[in-house]
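Structure data (mmCIF, C-alpha atoms and all ligand atoms) from upload.cif:
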data_structure
#
loop_
_atom_site.group_PDB
_atom_site.id
_atom_site.type_symbol
_atom_site.label_atom_id
_atom_site.label_comp_id
_atom_site.auth_asym_id
_atom_site.auth_seq_id
_atom_site.Cartn_x
_atom_site.Cartn_y
_atom_site.Cartn_z
ATOM 1 C CA MET A 1 12.979 7.786 -12.452
ATOM 2 C CA THR A 2 13.890 8.531 -8.866
ATOM 3 C CA PHE A 3 12.066 10.932 -6.621
ATOM 4 C CA ASP A 4 14.239 11.908 -3.703
ATOM 5 C CA GLY A 5 12.057 14.567 -2.124
ATOM 6 C CA TYR A 6 10.419 14.083 1.216
ATOM 7 C CA ILE A 7 6.717 13.478 1.448
ATOM 8 C CA ARG A 8 4.720 14.480 4.417
ATOM 9 C CA PRO A 9 1.025 14.403 5.013
ATOM 10 C CA ASP A 10 -1.261 17.329 4.672
ATOM 11 C CA ALA A 11 -3.833 16.328 7.272
ATOM 12 C CA ALA A 12 -6.534 18.404 5.658
ATOM 13 C CA GLY A 13 -5.808 16.683 2.367
ATOM 14 C CA PHE A 14 -6.719 13.223 3.556
ATOM 15 C CA ASN A 15 -10.228 13.300 2.318
ATOM 16 C CA GLY A 16 -11.813 9.914 2.772
ATOM 17 C CA HIS A 17 -11.498 6.660 0.942
ATOM 18 C CA LEU A 18 -11.884 7.423 -2.712
ATOM 19 C CA ASP A 19 -10.412 10.873 -2.821
ATOM 20 C CA SER A 20 -6.850 11.858 -3.421
ATOM 21 C CA VAL A 21 -4.295 12.654 -0.785
ATOM 22 C CA LYS A 22 -2.454 15.937 -1.140
ATOM 23 C CA TYR A 23 1.251 15.937 -0.496
ATOM 24 C CA LYS A 24 3.684 18.573 0.500
ATOM 25 C CA ARG A 25 7.204 17.945 -0.618
ATOM 26 C CA GLU A 26 10.257 18.883 1.368
ATOM 27 C CA SER A 27 13.206 19.332 -0.890
ATOM 28 C CA SER A 28 16.107 19.025 1.529
ATOM 29 C CA ARG A 29 17.181 16.259 3.845
ATOM 30 C CA SER A 30 18.290 18.781 6.484
ATOM 31 C CA LYS A 31 14.730 20.075 6.709
ATOM 32 C CA MET A 32 13.526 16.611 7.638
ATOM 33 C CA SER A 33 16.268 16.056 10.238
ATOM 34 C CA LYS A 34 15.128 19.191 12.007
ATOM 35 C CA MET A 35 11.551 17.902 12.086
ATOM 36 C CA SER A 36 12.043 14.394 13.444
ATOM 37 C CA PRO A 37 14.552 12.266 15.360
ATOM 38 C CA PHE A 38 14.385 9.507 12.760
ATOM 39 C CA SER A 39 14.377 9.111 9.043
ATOM 40 C CA ILE A 40 12.330 6.698 6.989
ATOM 41 C CA THR A 41 12.914 5.721 3.390
ATOM 42 C CA VAL A 42 10.169 3.719 1.719
ATOM 43 C CA TYR A 43 11.402 1.541 -1.129
ATOM 44 C CA ARG A 44 8.618 1.174 -3.653
ATOM 45 C CA GLY A 45 10.164 -1.197 -6.181
ATOM 46 C CA PHE A 46 9.667 0.701 -9.406
ATOM 47 C CA ALA A 47 9.109 4.361 -10.246
ATOM 48 C CA ALA A 48 9.187 6.524 -7.163
ATOM 49 C CA LEU A 49 7.043 9.478 -8.141
ATOM 50 C CA PRO A 50 5.294 11.551 -5.468
ATOM 51 C CA THR A 51 1.980 9.886 -6.290
ATOM 52 C CA HIS A 52 0.176 6.683 -5.415
ATOM 53 C CA THR A 53 1.482 3.502 -6.990
ATOM 54 C CA TRP A 54 -0.034 0.392 -8.562
ATOM 55 C CA SER A 55 1.119 -1.606 -5.529
ATOM 56 C CA PRO A 56 -1.642 -1.909 -2.910
ATOM 57 C CA PHE A 57 0.955 -2.642 -0.250
ATOM 58 C CA VAL A 58 3.123 0.384 -0.999
ATOM 59 C CA ASN A 59 0.017 2.579 -0.844
ATOM 60 C CA LYS A 60 -1.074 0.866 2.363
ATOM 61 C CA LEU A 61 2.209 1.578 4.121
ATOM 62 C CA GLU A 62 2.359 5.176 2.935
ATOM 63 C CA THR A 63 -1.244 5.714 4.056
ATOM 64 C CA ARG A 64 -0.305 4.421 7.513
ATOM 65 C CA LEU A 65 2.633 6.847 7.662
ATOM 66 C CA ARG A 66 0.515 9.778 6.531
ATOM 67 C CA LEU A 67 -2.258 8.999 8.996
ATOM 68 C CA SER A 68 0.282 9.407 11.793
ATOM 69 C CA GLY A 69 1.829 12.498 10.235
ATOM 70 C CA ILE A 70 5.188 10.804 9.732
ATOM 71 C CA PRO A 71 7.518 12.316 7.098
ATOM 72 C CA TYR A 72 9.323 9.915 4.791
ATOM 73 C CA GLN A 73 11.144 9.786 1.512
ATOM 74 C CA VAL A 74 10.553 7.357 -1.327
ATOM 75 C CA LYS A 75 13.113 5.523 -3.433
ATOM 76 C CA VAL A 76 12.972 2.855 -6.097
ATOM 77 C CA GLY A 77 14.663 -0.232 -4.598
ATOM 78 C CA SER A 78 14.244 -3.836 -5.634
ATOM 79 C CA ILE A 79 12.405 -6.844 -4.241
ATOM 80 C CA HIS A 80 15.749 -8.646 -4.149
ATOM 81 C CA GLU A 81 17.087 -6.145 -1.644
ATOM 82 C CA GLY A 82 14.074 -6.155 0.691
ATOM 83 C CA PRO A 83 14.294 -8.248 3.871
ATOM 84 C CA LYS A 84 11.212 -10.246 2.821
ATOM 85 C CA ARG A 85 12.045 -10.128 -0.912
ATOM 86 C CA LYS A 86 8.894 -8.086 -1.514
ATOM 87 C CA ILE A 87 7.968 -4.453 -1.812
ATOM 88 C CA PRO A 88 7.509 -2.267 0.070
ATOM 89 C CA TYR A 89 10.373 -2.257 2.532
ATOM 90 C CA ILE A 90 11.840 0.567 4.539
ATOM 91 C CA ALA A 91 15.141 1.812 5.876
ATOM 92 C CA LEU A 92 14.657 3.237 9.349
ATOM 93 C CA GLU A 93 17.390 5.365 10.859
ATOM 94 C CA LEU A 94 17.048 6.487 14.443
ATOM 95 C CA ASP A 95 18.866 9.403 16.040
ATOM 96 C CA ASN A 96 20.648 7.012 18.445
ATOM 97 C CA GLY A 97 22.573 5.763 15.422
ATOM 98 C CA GLY A 98 20.523 2.585 15.012
ATOM 99 C CA SER A 99 19.369 1.614 11.560
ATOM 100 C CA GLU A 100 17.133 -1.200 10.360
ATOM 101 C CA MET A 101 15.782 -2.545 7.096
ATOM 102 C CA LEU A 102 12.198 -3.696 7.598
ATOM 103 C CA GLY A 103 9.858 -5.659 5.324
ATOM 104 C CA ASP A 104 6.132 -6.539 5.326
ATOM 105 C CA THR A 105 3.647 -3.748 5.930
ATOM 106 C CA ALA A 106 2.137 -5.312 9.071
ATOM 107 C CA LEU A 107 5.543 -5.998 10.628
ATOM 108 C CA ILE A 108 6.788 -2.531 9.690
ATOM 109 C CA SER A 109 3.815 -0.929 11.479
ATOM 110 C CA LYS A 110 4.364 -3.026 14.590
ATOM 111 C CA ARG A 111 8.064 -2.156 14.673
ATOM 112 C CA LEU A 112 7.366 1.554 14.193
ATOM 113 C CA VAL A 113 5.064 1.398 17.232
ATOM 114 C CA GLU A 114 7.757 -0.420 19.252
ATOM 115 C CA VAL A 115 10.448 2.155 18.518
ATOM 116 C CA GLY A 116 8.068 5.068 19.161
ATOM 117 C CA VAL A 117 7.827 6.426 15.613
ATOM 118 C CA PHE A 118 4.087 5.716 15.665
ATOM 119 C CA PRO A 119 2.633 6.985 18.960
ATOM 120 C CA HIS A 120 0.305 3.976 19.230
ATOM 121 C CA GLU A 121 -1.341 1.159 17.335
ATOM 122 C CA LEU A 122 -4.095 2.373 15.046
ATOM 123 C CA ASN A 123 -6.464 -0.281 16.431
ATOM 124 C CA LYS A 124 -5.791 0.309 20.111
ATOM 125 C CA ASP A 125 -9.269 1.637 20.952
ATOM 126 C CA LEU A 126 -11.205 -1.074 19.110
ATOM 127 C CA THR A 127 -13.258 -3.683 20.962
ATOM 128 C CA PRO A 128 -12.182 -7.316 20.481
ATOM 129 C CA VAL A 129 -15.050 -7.808 18.006
ATOM 130 C CA GLN A 130 -14.037 -4.729 16.024
ATOM 131 C CA LYS A 131 -10.451 -5.959 15.982
ATOM 132 C CA ALA A 132 -11.667 -9.257 14.524
ATOM 133 C CA GLN A 133 -13.708 -7.398 11.888
ATOM 134 C CA ASP A 134 -10.735 -5.200 11.038
ATOM 135 C CA LEU A 135 -8.506 -8.246 10.621
ATOM 136 C CA ALA A 136 -11.121 -10.005 8.499
ATOM 137 C CA ILE A 137 -11.329 -7.041 6.104
ATOM 138 C CA ARG A 138 -7.548 -6.850 5.822
ATOM 139 C CA SER A 139 -7.296 -10.576 5.192
ATOM 140 C CA LEU A 140 -9.997 -10.494 2.529
ATOM 141 C CA LEU A 141 -8.255 -7.722 0.635
ATOM 142 C CA GLU A 142 -4.619 -8.663 1.212
ATOM 143 C CA ASP A 143 -4.812 -12.445 1.103
ATOM 144 C CA LYS A 144 -7.511 -12.852 -1.545
ATOM 145 C CA LEU A 145 -8.274 -9.773 -3.653
ATOM 146 C CA SER A 146 -4.627 -8.778 -4.024
ATOM 147 C CA PHE A 147 -3.877 -12.108 -5.751
ATOM 148 C CA TYR A 148 -6.758 -11.633 -8.193
ATOM 149 C CA LEU A 149 -5.437 -8.152 -8.935
ATOM 150 C CA ALA A 150 -1.906 -9.471 -9.398
ATOM 151 C CA ARG A 151 -3.299 -11.846 -12.031
ATOM 152 C CA GLU A 152 -5.265 -9.006 -13.652
ATOM 153 C CA ARG A 153 -2.114 -6.903 -13.906
ATOM 154 C CA TRP A 154 0.776 -9.233 -14.508
ATOM 155 C CA ILE A 155 -1.000 -11.942 -16.541
ATOM 156 C CA ASP A 156 -4.119 -10.492 -18.207
ATOM 157 C CA ASN A 157 -2.535 -7.081 -18.906
ATOM 158 C CA PHE A 158 1.096 -8.057 -18.931
ATOM 159 C CA TYR A 159 2.378 -5.698 -21.638
ATOM 160 C CA THR A 160 0.640 -2.651 -20.158
ATOM 161 C CA MET A 161 2.109 -3.514 -16.795
ATOM 162 C CA ARG A 162 5.585 -4.271 -18.077
ATOM 163 C CA ASP A 163 5.853 -1.070 -20.089
ATOM 164 C CA GLY A 164 4.249 0.996 -17.317
ATOM 165 C CA ALA A 165 5.844 -0.316 -14.128
ATOM 166 C CA MET A 166 9.166 -0.994 -15.816
ATOM 167 C CA ALA A 167 9.232 2.133 -17.996
ATOM 168 C CA SER A 168 12.558 3.211 -16.494
ATOM 169 C CA VAL A 169 14.223 -0.070 -17.520
ATOM 170 C CA PRO A 170 15.812 0.227 -21.016
ATOM 171 C CA TYR A 171 13.877 -1.701 -23.656
ATOM 172 C CA PRO A 172 15.847 -4.905 -24.363
ATOM 173 C CA VAL A 173 16.499 -5.412 -20.653
ATOM 174 C CA ARG A 174 12.845 -4.741 -19.917
ATOM 175 C CA VAL A 175 11.828 -7.646 -22.147
ATOM 176 C CA LEU A 176 14.015 -9.996 -20.131
ATOM 177 C CA VAL A 177 13.063 -8.592 -16.726
ATOM 178 C CA GLY A 178 9.415 -8.599 -17.789
ATOM 179 C CA HIS A 179 9.635 -12.214 -18.831
ATOM 180 C CA LEU A 180 11.147 -13.154 -15.466
ATOM 181 C CA ALA A 181 8.425 -11.220 -13.656
ATOM 182 C CA TYR A 182 5.734 -12.970 -15.703
ATOM 183 C CA ARG A 183 7.189 -16.385 -14.950
ATOM 184 C CA GLY A 184 7.574 -15.580 -11.242
ATOM 185 C CA VAL A 185 4.021 -14.270 -10.897
ATOM 186 C CA SER A 186 2.546 -17.209 -12.863
ATOM 187 C CA ARG A 187 4.338 -19.689 -10.658
ATOM 188 C CA SER A 188 3.312 -17.923 -7.420
ATOM 189 C CA LEU A 189 -0.306 -17.610 -8.518
ATOM 190 C CA TYR A 190 -0.469 -21.262 -9.450
ATOM 191 C CA GLY A 191 0.976 -22.257 -6.080
ATOM 192 C CA GLN A 192 -1.362 -19.918 -4.209
ATOM 193 C CA GLY A 193 -4.373 -21.189 -6.183
ATOM 194 C CA THR A 194 -5.506 -18.115 -8.122
ATOM 195 C CA GLY A 195 -3.616 -19.353 -11.186
ATOM 196 C CA ARG A 196 -5.770 -22.488 -11.331
ATOM 197 C CA PHE A 197 -9.078 -20.667 -11.908
ATOM 198 C CA THR A 198 -10.563 -19.893 -15.319
ATOM 199 C CA ASP A 199 -10.941 -16.243 -16.336
ATOM 200 C CA ASP A 200 -14.678 -16.398 -15.592
ATOM 201 C CA GLU A 201 -14.129 -17.898 -12.170
ATOM 202 C CA VAL A 202 -11.622 -15.223 -11.151
ATOM 203 C CA ARG A 203 -13.898 -12.487 -12.503
ATOM 204 C CA MET A 204 -16.774 -13.834 -10.417
ATOM 205 C CA PHE A 205 -14.654 -14.004 -7.229
ATOM 206 C CA LYS A 206 -13.285 -10.516 -7.846
ATOM 207 C CA MET A 207 -16.719 -8.993 -8.427
ATOM 208 C CA GLU A 208 -18.003 -10.630 -5.257
ATOM 209 C CA ILE A 209 -15.298 -8.941 -3.187
ATOM 210 C CA TRP A 210 -15.598 -5.499 -4.842
ATOM 211 C CA GLU A 211 -19.390 -5.579 -4.371
ATOM 212 C CA HIS A 212 -19.094 -6.475 -0.707
ATOM 213 C CA LEU A 213 -16.379 -3.892 -0.164
ATOM 214 C CA ASN A 214 -18.678 -1.340 -1.750
ATOM 215 C CA ILE A 215 -21.444 -2.335 0.670
ATOM 216 C CA LEU A 216 -19.103 -1.962 3.655
ATOM 217 C CA LEU A 217 -17.944 1.469 2.492
ATOM 218 C CA GLY A 218 -21.492 2.603 1.726
ATOM 219 C CA GLU A 219 -22.564 1.599 5.224
ATOM 220 C CA ALA A 220 -19.556 3.378 6.749
ATOM 221 C CA ARG A 221 -20.191 6.524 4.740
ATOM 222 C CA GLY A 222 -23.818 6.491 5.875
ATOM 223 C CA SER A 223 -22.687 6.376 9.497
ATOM 224 C CA VAL A 224 -21.020 9.800 9.195
ATOM 225 C CA LYS A 225 -23.913 11.769 10.627
ATOM 226 C CA GLY A 226 -24.506 15.483 10.160
ATOM 227 C CA LYS A 227 -21.628 15.892 7.716
ATOM 228 C CA GLY A 228 -21.460 16.511 4.003
ATOM 229 C CA SER A 229 -21.063 13.502 1.746
ATOM 230 C CA ASP A 230 -17.432 14.321 0.980
ATOM 231 C CA GLU A 231 -16.378 14.215 4.627
ATOM 232 C CA PRO A 232 -13.819 11.571 5.574
ATOM 233 C CA PHE A 233 -15.206 8.290 6.772
ATOM 234 C CA TRP A 234 -13.600 5.086 7.946
ATOM 235 C CA ILE A 235 -14.411 1.564 6.969
ATOM 236 C CA LEU A 236 -15.609 0.383 10.391
ATOM 237 C CA GLY A 237 -17.865 3.417 10.615
ATOM 238 C CA GLY A 238 -16.017 4.925 13.594
ATOM 239 C CA GLU A 239 -14.539 8.342 14.273
ATOM 240 C CA LYS A 240 -10.963 7.292 13.597
ATOM 241 C CA PRO A 241 -9.164 5.258 10.946
ATOM 242 C CA THR A 242 -8.143 1.685 11.675
ATOM 243 C CA GLU A 243 -5.639 -0.654 10.060
ATOM 244 C CA ALA A 244 -8.294 -1.892 7.629
ATOM 245 C CA ASP A 245 -8.556 1.645 6.227
ATOM 246 C CA THR A 246 -4.911 1.590 5.216
ATOM 247 C CA THR A 247 -5.412 -1.682 3.338
ATOM 248 C CA ALA A 248 -8.711 -0.648 1.756
ATOM 249 C CA TYR A 249 -7.405 2.753 0.691
ATOM 250 C CA GLY A 250 -4.202 1.204 -0.645
ATOM 251 C CA ILE A 251 -5.944 -1.382 -2.785
ATOM 252 C CA ILE A 252 -8.710 0.908 -4.061
ATOM 253 C CA VAL A 253 -6.354 3.676 -5.056
ATOM 254 C CA ALA A 254 -3.982 1.181 -6.704
ATOM 255 C CA SER A 255 -6.871 -0.141 -8.786
ATOM 256 C CA LEU A 256 -8.127 3.325 -9.717
ATOM 257 C CA ILE A 257 -4.785 4.660 -10.901
ATOM 258 C CA CYS A 258 -3.434 1.538 -12.563
ATOM 259 C CA ASP A 259 -3.638 1.340 -16.364
ATOM 260 C CA ALA A 260 -3.502 -2.440 -16.336
HETATM 261 N N1 LIG B 301 2.546 -9.178 3.034
HETATM 262 C C1 LIG B 301 3.332 -8.272 2.260
HETATM 263 C C2 LIG B 301 2.871 -8.313 0.823
HETATM 264 C C3 LIG B 301 3.711 -7.428 -0.104
HETATM 265 C C4 LIG B 301 3.566 -7.840 -1.561
HETATM 266 O O1 LIG B 301 2.930 -8.843 -1.874
HETATM 267 N N2 LIG B 301 4.156 -7.072 -2.447
HETATM 268 C C5 LIG B 301 4.145 -7.429 -3.843
HETATM 269 C C6 LIG B 301 3.950 -6.189 -4.702
HETATM 270 S S1 LIG B 301 2.353 -5.446 -4.439
HETATM 271 C C7 LIG B 301 5.506 -8.025 -4.203
HETATM 272 O O2 LIG B 301 6.530 -7.565 -3.759
HETATM 273 N N3 LIG B 301 5.495 -9.056 -5.023
HETATM 274 C C8 LIG B 301 6.715 -9.649 -5.511
HETATM 275 C C9 LIG B 301 6.800 -11.107 -5.222
HETATM 276 O O3 LIG B 301 5.873 -11.652 -4.580
HETATM 277 O O4 LIG B 301 7.801 -11.709 -5.612
HETATM 278 C C10 LIG B 301 3.218 -6.881 2.872
HETATM 279 O O5 LIG B 301 2.233 -6.614 3.575
HETATM 280 O O6 LIG B 301 4.139 -6.080 2.688
#

Rewritten as structure tokens:
Amino acid sequence: MTFDGYIRPDAAGFNGHLDSVKYKRESSRSKMSKMSPFSITVYRGFAALPTHTWSPFVNKLETRLRLSGIPYQVKVGSIHEGPKRKIPYIALELDNGGSEMLGDTALISKRLVEVGVFPHELNKDLTPVQKAQDLAIRSLLEDKLSFYLARERWIDNFYTMRDGAMASVPYPVRVLVGHLAYRGVSRSLYGQGTGRFTDDEVRMFKMEIWEHLNILLGEARGSVKGKGSDEPFWILGGEKPTEADTTAYGIIVASLICDA
């Protein structure tokens, strides 16, 4: 199913890490052109509903866009068409006629700063130590936890994932595409290392990360002084979000909404 409406952030709706983000949908393309001198299409890979997805990286990118108040539309797309052969990827069209296909969430953010879509880097006001902490959190979640979650979804809960993520693919084709996905993920996870652990070992590693993430978030929430407990807070405990928030939010929300 394709969702071709525009999504833009409702600033008041961004309500901290574990809460939902409210969207406003713009139905016409012309409305968006009037608002901004560029257009961004985020390709999500599978269903493109106006909700969060099971992909931590799609959610991460969309969180980054919403934090800067950037309107965008979402489409389905395919990993085979993305510049890095992964989702998400974006099509960026600028009003000077330039257009680019961009892949990898970190590279996309950097490019959007370069071309002036994002007014500045999210981490620009951090001290060097805070920047190192921010990078460490992102690396933990993106380069470790995300592989454990990929195993949880595509190996341990394969049929739920296949029939959920690939619901729009007609049944006999889905079996074939699902089989290819399973083989691809198994091979990648074995190469990366996660595929070589026993179930108990992966569970232990996963729990360790979730527990430590919980400690970080609890500490950050506690640092929001003089506000109610449902006020927004950011993972480094500061006044503003940083890159690590986009990763943390993306991976938490993906885990909370995913059936697998
Ligand atoms: N470093 C990439 C990671 C993106 C990524 O791993 N996406 C997954 C889906 S959540 C994917 O496309 N996997 C397909 C594959 O690896 O072949 C980014 O930040 O965009």

Which is closest to His52 (chain A) among A:Gly164, A:Gly193, A:Gly250, A:Pro37, if we use all atoms listed in the file?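 Counting all atoms listed in the file, the residue closest to His52 (chain A) is A:Gly250.
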
Given the file shown, enumerate the residues that the PyMOL selection byres (((chain A and resi 112-127) around 8) and not hetatm) captures and present them as a ChimeraX atom specification. /A:38,68,70,108-111,128-131,241-243

Taking all atoms listed in the file into account, list the residues no farther than 8 Å from ligand LIG 301 (chain B), as a VMD selection string. chain A and resid 45 54 to 58 79 85 to 89 103 to 107 142 146 150 184 to 185 188

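Our summary of the geometry notes that CA of Phe197 (chain A) is positioned 21.2 Å from CA of Tyr159 (chain A).
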
I want to know what sits within 12 Å of region 253-258 of chain A, based on only C-alpha atoms, with residues of the same chain fewer than 4 positions away left out; could you give that as an NGL selection string? :A and (16-21 or 51-60 or 62-63 or 145-146 or 148-150 or 152-154 or 157 or 160-161 or 164-165 or 210 or 245-249)

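When only C-alpha atoms are used to compute distances to Phe147 (chain A), the closest of the residues A:Ile251, A:Leu49, A:Gly77, A:Leu135 turns out to be A:Ile251.
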
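One distance worth recording is that between CA of Trp234 (chain A) and CA of Met207 (chain A), which is 21.8 Å.
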
What's the 8 Å shell around region 177-183 of chain A, counting only C-alpha atoms, without same-chain residues fewer than 4 positions away, as a list of chain:residue names? A:Trp154, A:Ile155, A:Phe158, A:Arg162, A:Met166, A:Val173, A:Arg187

One decimal, in Å: what's the spacing between CA of Ile209 (chain A) and CA of Leu141 (chain A)? 8.1 Å

Please write out, as JSON, where the centre of an axis-aligned box around all listed atoms of region 67-77 of chain A lies and how long its edges are, in Å to one decimal, after adding 8 Å on each side.
{"center_x": 6.2, "center_y": 6.1, "center_z": 2.8, "size_x": 32.9, "size_y": 28.7, "size_z": 33.9}

Hey, can you pull every residue with an atom no more than 12 Å from (-17.8, 1.9, 2.8), using only C-alpha atoms, and send it as an NGL selection string? :A and (16-18 or 137 or 210-224 or 232-238 or 244-245 or 248-249 or 252)

Which residue is closest to Gly82 (chain A)? Choose from A:Ala47, A:Leu61, A:Val202, A:Val42 and count only C-alpha atoms.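 Result for the nearest residue to Gly82 (chain A): A:Val42.
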